[in-house]
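K.L.:
Enclosed is the structure file input_7.pdb (PDB, C-alpha atoms).
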```pdb
ATOM      1  CA  MET A   1      15.232  -9.880  21.591
ATOM      2  CA  LYS A   2      17.120 -12.937  20.342
ATOM      3  CA  LYS A   3      17.298 -11.561  16.832
ATOM      4  CA  VAL A   4      18.500  -8.110  17.889
ATOM      5  CA  LEU A   5      21.130  -9.442  20.280
ATOM      6  CA  GLY A   6      22.169 -12.187  17.876
ATOM      7  CA  TYR A   7      21.633 -15.032  20.369
ATOM      8  CA  THR A   8      20.883 -18.561  19.218
ATOM      9  CA  ASN A   9      19.022 -21.192  21.216
ATOM     10  CA  SER A  10      22.442 -22.751  21.954
ATOM     11  CA  ASP A  11      23.720 -19.435  23.352
ATOM     12  CA  ILE A  12      20.704 -19.138  25.631
ATOM     13  CA  ALA A  13      21.001 -22.806  26.648
ATOM     14  CA  GLU A  14      24.602 -22.238  27.668
ATOM     15  CA  ILE A  15      23.639 -19.200  29.758
ATOM     16  CA  THR A  16      20.629 -20.845  31.442
ATOM     17  CA  GLY A  17      21.983 -24.393  31.808
ATOM     18  CA  ASN A  18      19.196 -25.836  29.644
ATOM     19  CA  THR A  19      19.496 -27.674  26.336
ATOM     20  CA  ALA A  20      19.073 -25.878  23.022
ATOM     21  CA  ASP A  21      16.045 -28.098  22.293
ATOM     22  CA  SER A  22      14.426 -27.136  25.591
ATOM     23  CA  ILE A  23      14.952 -23.424  24.805
ATOM     24  CA  LYS A  24      13.488 -23.923  21.323
ATOM     25  CA  SER A  25      10.511 -25.788  22.770
ATOM     26  CA  SER A  26       9.821 -23.310  25.585
ATOM     27  CA  THR A  27       9.965 -20.256  23.325
ATOM     28  CA  GLN A  28       7.474 -21.442  20.704
ATOM     29  CA  PRO A  29       4.858 -18.760  19.927
ATOM     30  CA  ASN A  30       1.937 -21.018  20.906
ATOM     31  CA  LYS A  31       3.342 -21.732  24.392
ATOM     32  CA  GLU A  32       3.000 -19.572  27.472
ATOM     33  CA  MET A  33       6.210 -17.664  28.035
ATOM     34  CA  PRO A  34       8.414 -19.093  30.825
ATOM     35  CA  ARG A  35       8.882 -16.852  33.876
ATOM     36  CA  TRP A  36      12.656 -16.601  33.396
ATOM     37  CA  LEU A  37      12.075 -15.318  29.866
ATOM     38  CA  LYS A  38       9.554 -12.703  31.049
ATOM     39  CA  LEU A  39      12.169 -11.354  33.437
ATOM     40  CA  ALA A  40      14.831 -11.265  30.725
ATOM     41  CA  ILE A  41      12.545  -9.388  28.330
ATOM     42  CA  VAL A  42      11.484  -6.831  30.951
ATOM     43  CA  ILE A  43      15.116  -6.125  31.862
ATOM     44  CA  TYR A  44      16.091  -5.929  28.197
ATOM     45  CA  GLU A  45      13.283  -3.489  27.357
ATOM     46  CA  LYS A  46      13.988  -1.311  30.408
ATOM     47  CA  THR A  47      17.623  -0.920  29.361
ATOM     48  CA  LEU A  48      16.782   0.194  25.839
ATOM     49  CA  ASN A  49      16.508   3.892  25.286
ATOM     50  CA  LYS A  50      14.127   5.506  22.791
ATOM     51  CA  ALA A  51      16.715   5.809  19.997
ATOM     52  CA  GLU A  52      17.782   2.167  20.329
ATOM     53  CA  THR A  53      14.169   0.960  20.271
ATOM     54  CA  ILE A  54      13.401   2.955  17.120
ATOM     55  CA  GLU A  55      16.574   1.718  15.386
ATOM     56  CA  ILE A  56      15.654  -1.862  16.256
ATOM     57  CA  LEU A  57      12.100  -1.346  14.965
ATOM     58  CA  ARG A  58      13.428   0.087  11.695
ATOM     59  CA  THR A  59      15.333  -3.157  11.027
ATOM     60  CA  GLN A  60      12.336  -5.397  11.706
ATOM     61  CA  THR A  61       9.667  -6.733   9.399
ATOM     62  CA  LYS A  62       6.160  -5.312   9.425
ATOM     63  CA  ASP A  63       4.959  -8.467  11.232
ATOM     64  CA  ASP A  64       7.634  -8.003  13.918
ATOM     65  CA  ILE A  65       6.536  -4.391  14.408
ATOM     66  CA  PHE A  66       2.882  -5.482  14.604
ATOM     67  CA  ASN A  67       3.897  -7.951  17.345
ATOM     68  CA  PHE A  68       5.758  -5.169  19.176
ATOM     69  CA  ILE A  69       2.606  -3.023  19.045
ATOM     70  CA  ARG A  70       0.402  -5.895  20.254
ATOM     71  CA  LYS A  71       2.799  -6.593  23.116
ATOM     72  CA  ARG A  72       2.722  -2.936  24.190
ATOM     73  CA  LEU A  73      -1.068  -3.041  24.181
ATOM     74  CA  ALA A  74      -1.339  -6.413  25.940
ATOM     75  CA  PHE A  75      -3.276  -6.511  29.169
ATOM     76  CA  LYS A  76      -0.892  -6.119  32.095
ATOM     77  CA  GLU A  77      -0.110  -9.280  34.024
ATOM     78  CA  ASN A  78      -1.543  -7.912  37.294
ATOM     79  CA  VAL A  79      -4.886  -7.232  35.547
ATOM     80  CA  VAL A  80      -4.971 -10.674  33.908
ATOM     81  CA  ASN A  81      -4.248 -12.343  37.265
ATOM     82  CA  GLN A  82      -7.319 -10.647  38.768
ATOM     83  CA  LEU A  83      -9.703 -12.065  36.183
ATOM     84  CA  ARG A  84     -11.721 -15.072  37.286
ATOM     85  CA  GLY A  85     -13.525 -17.576  35.105
ATOM     86  CA  ILE A  86     -11.538 -16.621  32.023
ATOM     87  CA  ASP A  87      -8.983 -18.814  30.288
ATOM     88  CA  ASN A  88      -5.755 -16.816  30.723
ATOM     89  CA  ILE A  89      -4.160 -18.459  27.676
ATOM     90  CA  HIS A  90      -6.704 -16.727  25.434
ATOM     91  CA  ILE A  91      -6.422 -13.400  27.299
ATOM     92  CA  HIS A  92      -2.665 -13.323  26.583
ATOM     93  CA  LYS A  93      -3.489 -13.277  22.859
ATOM     94  CA  GLN A  94      -5.695 -10.186  23.276
ATOM     95  CA  HIS A  95      -4.759  -6.519  23.547
ATOM     96  CA  ARG A  96      -6.405  -3.162  24.140
ATOM     97  CA  ARG A  97      -8.086  -1.658  21.114
ATOM     98  CA  PHE A  98      -9.298   1.764  20.067
ATOM     99  CA  GLU A  99     -12.978   2.502  20.603
ATOM    100  CA  MET A 100     -13.901   3.255  17.007
ATOM    101  CA  SER A 101     -17.649   3.726  17.186
ATOM    102  CA  GLY A 102     -17.397   7.391  18.066
ATOM    103  CA  PHE A 103     -20.371   6.920  20.393
ATOM    104  CA  GLU A 104     -19.996   7.400  24.116
ATOM    105  CA  ASN A 105     -22.148   7.355  27.222
ATOM    106  CA  ASN A 106     -20.135  10.085  28.916
ATOM    107  CA  LYS A 107     -18.687  13.017  27.023
ATOM    108  CA  GLY A 108     -15.014  12.528  26.251
ATOM    109  CA  GLU A 109     -14.718   8.868  27.288
ATOM    110  CA  CYS A 110     -13.834   7.584  23.778
ATOM    111  CA  THR A 111     -11.278  10.331  23.300
ATOM    112  CA  LEU A 112      -9.700   9.629  26.676
ATOM    113  CA  LEU A 113      -9.541   5.867  26.092
ATOM    114  CA  ASN A 114      -8.109   6.293  22.600
ATOM    115  CA  MET A 115      -5.513   8.855  23.684
ATOM    116  CA  ASN A 116      -4.406   6.552  26.511
ATOM    117  CA  ILE A 117      -3.817   3.783  23.986
ATOM    118  CA  LEU A 118      -1.927   6.102  21.630
ATOM    119  CA  ASN A 119       0.144   7.470  24.515
ATOM    120  CA  GLU A 120       1.538   3.964  25.119
ATOM    121  CA  PHE A 121       3.907   4.888  22.266
ATOM    122  CA  ALA A 122       4.755   8.461  23.330
ATOM    123  CA  ASP A 123       8.109   7.315  24.725
ATOM    124  CA  LEU A 124       9.173   6.443  21.173
ATOM    125  CA  GLY A 125       8.771  10.085  20.173
ATOM    126  CA  ILE A 126       5.644   9.920  18.018
ATOM    127  CA  TYR A 127       4.743  13.447  19.138
ATOM    128  CA  ASP A 128       8.247  14.837  18.488
ATOM    129  CA  TYR A 129       7.561  15.274  14.763
ATOM    130  CA  THR A 130       4.314  17.177  14.968
ATOM    131  CA  SER A 131       2.798  20.344  16.333
ATOM    132  CA  TYR A 132      -0.305  18.240  16.900
ATOM    133  CA  LEU A 133      -1.277  14.624  16.343
ATOM    134  CA  PHE A 134      -4.630  13.134  17.260
ATOM    135  CA  LEU A 135      -7.131  10.509  16.216
ATOM    136  CA  ASP A 136     -10.820  10.878  15.667
ATOM    137  CA  PHE A 137     -13.337   8.120  14.997
ATOM    138  CA  TYR A 138     -16.630   8.705  13.289
ATOM    139  CA  GLU A 139     -18.992   5.770  12.727
ATOM    140  CA  GLY A 140     -16.097   3.323  12.788
ATOM    141  CA  THR A 141     -13.800   5.251  10.467
ATOM    142  CA  PRO A 142     -10.541   6.419  12.016
ATOM    143  CA  THR A 143      -8.893   9.650  10.877
ATOM    144  CA  ILE A 144      -5.424  10.832  11.865
ATOM    145  CA  TYR A 145      -5.027  14.603  12.064
ATOM    146  CA  LEU A 146      -1.545  16.036  12.221
ATOM    147  CA  LYS A 147       0.619  19.008  11.426
ATOM    148  CA  TYR A 148       4.340  18.445  11.115
ATOM    149  CA  PHE A 149       6.671  20.584  13.143
ATOM    150  CA  HIS A 150       7.969  23.488  10.947
ATOM    151  CA  SER A 151       5.055  23.090   8.525
ATOM    152  CA  GLU A 152       1.878  25.049   7.991
ATOM    153  CA  GLU A 153      -0.046  22.216   6.334
ATOM    154  CA  ASN A 154      -2.838  20.513   8.286
ATOM    155  CA  LEU A 155      -3.016  16.873   7.210
ATOM    156  CA  GLU A 156      -5.778  14.282   7.468
ATOM    157  CA  PHE A 157      -5.411  10.557   6.846
ATOM    158  CA  GLU A 158      -8.650   8.586   6.703
ATOM    159  CA  LEU A 159      -7.957   4.945   7.519
ATOM    160  CA  SER A 160     -11.165   3.141   6.661
ATOM    161  CA  GLY A 161     -10.870  -0.570   7.426
ATOM    162  CA  TYR A 162      -7.808  -0.189   9.676
ATOM    163  CA  GLY A 163      -7.632  -1.870  13.079
ATOM    164  CA  THR A 164      -5.772  -0.631  16.138
ATOM    165  CA  VAL A 165      -2.413  -2.202  15.257
ATOM    166  CA  ASN A 166      -2.561  -0.927  11.662
ATOM    167  CA  ILE A 167      -3.432   2.591  12.848
ATOM    168  CA  ILE A 168      -0.470   2.687  15.208
ATOM    169  CA  TYR A 169       1.811   1.315  12.491
ATOM    170  CA  LYS A 170       0.595   4.112  10.175
ATOM    171  CA  ILE A 171       1.391   6.651  12.906
ATOM    172  CA  PHE A 172       4.903   5.139  13.128
ATOM    173  CA  GLU A 173       5.253   5.583   9.353
ATOM    174  CA  LEU A 174       4.131   9.210   9.622
ATOM    175  CA  THR A 175       6.418   9.988  12.567
ATOM    176  CA  ILE A 176       9.283   7.843  13.876
ATOM    177  CA  PHE A 177       9.863   6.058  10.547
ATOM    178  CA  SER A 178       9.598   9.268   8.522
ATOM    179  CA  ASN A 179      12.289  11.673   7.418
ATOM    180  CA  HIS A 180      10.449  14.674   8.838
ATOM    181  CA  THR A 181      12.166  17.133  11.125
ATOM    182  CA  GLN A 182      12.081  16.142  14.753
ATOM    183  CA  ARG A 183      11.466  18.661  17.504
ATOM    184  CA  ARG A 184      14.368  18.899  19.891
ATOM    185  CA  ARG A 185      13.396  18.142  23.463
ATOM    186  CA  SER A 186      15.860  18.414  26.327
TER     187      SER A 186
END
```
Can the structure from this file be put into structure tokens for me?
P.N.:
Amino acid sequence: MKKVLGYTNSDIAEITGNTADSIKSSTQPNKEMPRWLKLAIVIYEKTLNKAETIEILRTQTKDDIFNFIRKRLAFKENVVNQLRGIDNIHIHKQHRRFEMSGFENNKGECTLLNMNILNEFADLGIYDYTSYLFLDFYEGTPTIYLKYFHSEENLEFELSGYGTVNIIYKIFELTIFSNHTQRRRS
């Protein structure tokens, strides 16, 4: 948020009445995020529209985009607050992951879980480039199946060795970061 808006620690210090050193210290990656900063980030993200978010992502490094993906998949604060006997500092470093085994106790549960995770990024328009886009996991190997809008070719991308964040990044490359034709939605 700081990078995109062009704010320095001094700018934020002036706004909040803190010192630049205190802002620098409180926003270190290994520290828990201050409450005032959580509020600022939520408001900032709510005011971004899909096009702005994608344009911002396109200017960021791969690591920044990975962090964006992890943040989207982070366990919601209300869920974390309900957990007992677990160190919340470590939970904040975790995120939801695809179920890659392909095995399930109840028919469809892996597919449902995995689609729910993928749908966390639907607002960015990942489905606007394709007639269909889905993931399948067989014995730990993920495969992306898709067909671009205005194309007859059915494509498969096997992503052996990829984790959840890498899979979603690949989907970004195939959709919102691609030059393919986008379906117009009103």
K.L.:
Using only C-alpha atoms, can you tell me which of A:Phe177, A:Tyr138, A:Tyr132, A:Phe121 comes closest to A:Arg70?
P.N.:
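Result for the nearest residue to A:Arg70: A:Phe121.
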K.L.:
Would you list the contacts of A:Gly125 as a list in words, taking every protein, DNA or RNA residue within 8 Å and counting all atoms listed in the file, but skipping same-chain residues closer than 2 positions in sequence?
P.N.:
Lys50, Phe121, Ala122, Asp123, Tyr127, Asp128, Tyr129, Thr175 and Ile176 of chain A
K.L.:
Would you work out the distance separating atom CA of A:Asn114 from atom CA of A:Leu73, expressed in Å to one decimal?
P.N.:
11.8 Å
K.L.:
Could you tell me how far atom CA of A:Thr130 lies from atom CA of A:Tyr145, in Å and to one decimal?
P.N.:
10.1 Å
K.L.:
Kindly indicate which residue among A:Met1, A:Ile56, A:Leu135, A:Ile12 lies nearest to A:Asn116, using all atoms listed in the file for the distances.
P.N.:
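Of all the options, A:Leu135 lies closest to A:Asn116.
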K.L.:
My list of candidates is A:Ser25, A:Thr53, A:Ser10, A:Gln94. Which is closest to A:Ile65 when distances are computed with only C-alpha atoms?
P.N.:
A:Thr53
K.L.:
Mind pulling up the distance from atom CA of A:Phe134 to atom CA of A:Leu159?
P.N.:
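These two atoms are separated by 13.2 Å.
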K.L.:
With distances taken over only C-alpha atoms, which of A:Glu52, A:Asp64, A:Glu173, A:Glu152 is nearest to A:Ile126?
P.N.:
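The answer is A:Glu173, which sits nearest to A:Ile126.
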K.L.:
Name the residues captured by the PyMOL selection byres ((chain A and resi 9) around 8) when it is applied to the shown file; answer as a list in words.
P.N.:
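Taken over the shown coordinates, the PyMOL selection byres ((chain A and resi 9) around 8) returns Tyr7, Thr8, Ser10, Asp11, Ile12, Ala13, Ala20, Asp21, Ile23 and Lys24 of chain A.
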K.L.:
Apply the PyMOL selection byres ((chain A and resi 101) around 12) to the structure shown and report the selected residues as number ranges by chain.
P.N.:
A: 97-100, 102-105, 109-111, 114, 136-142
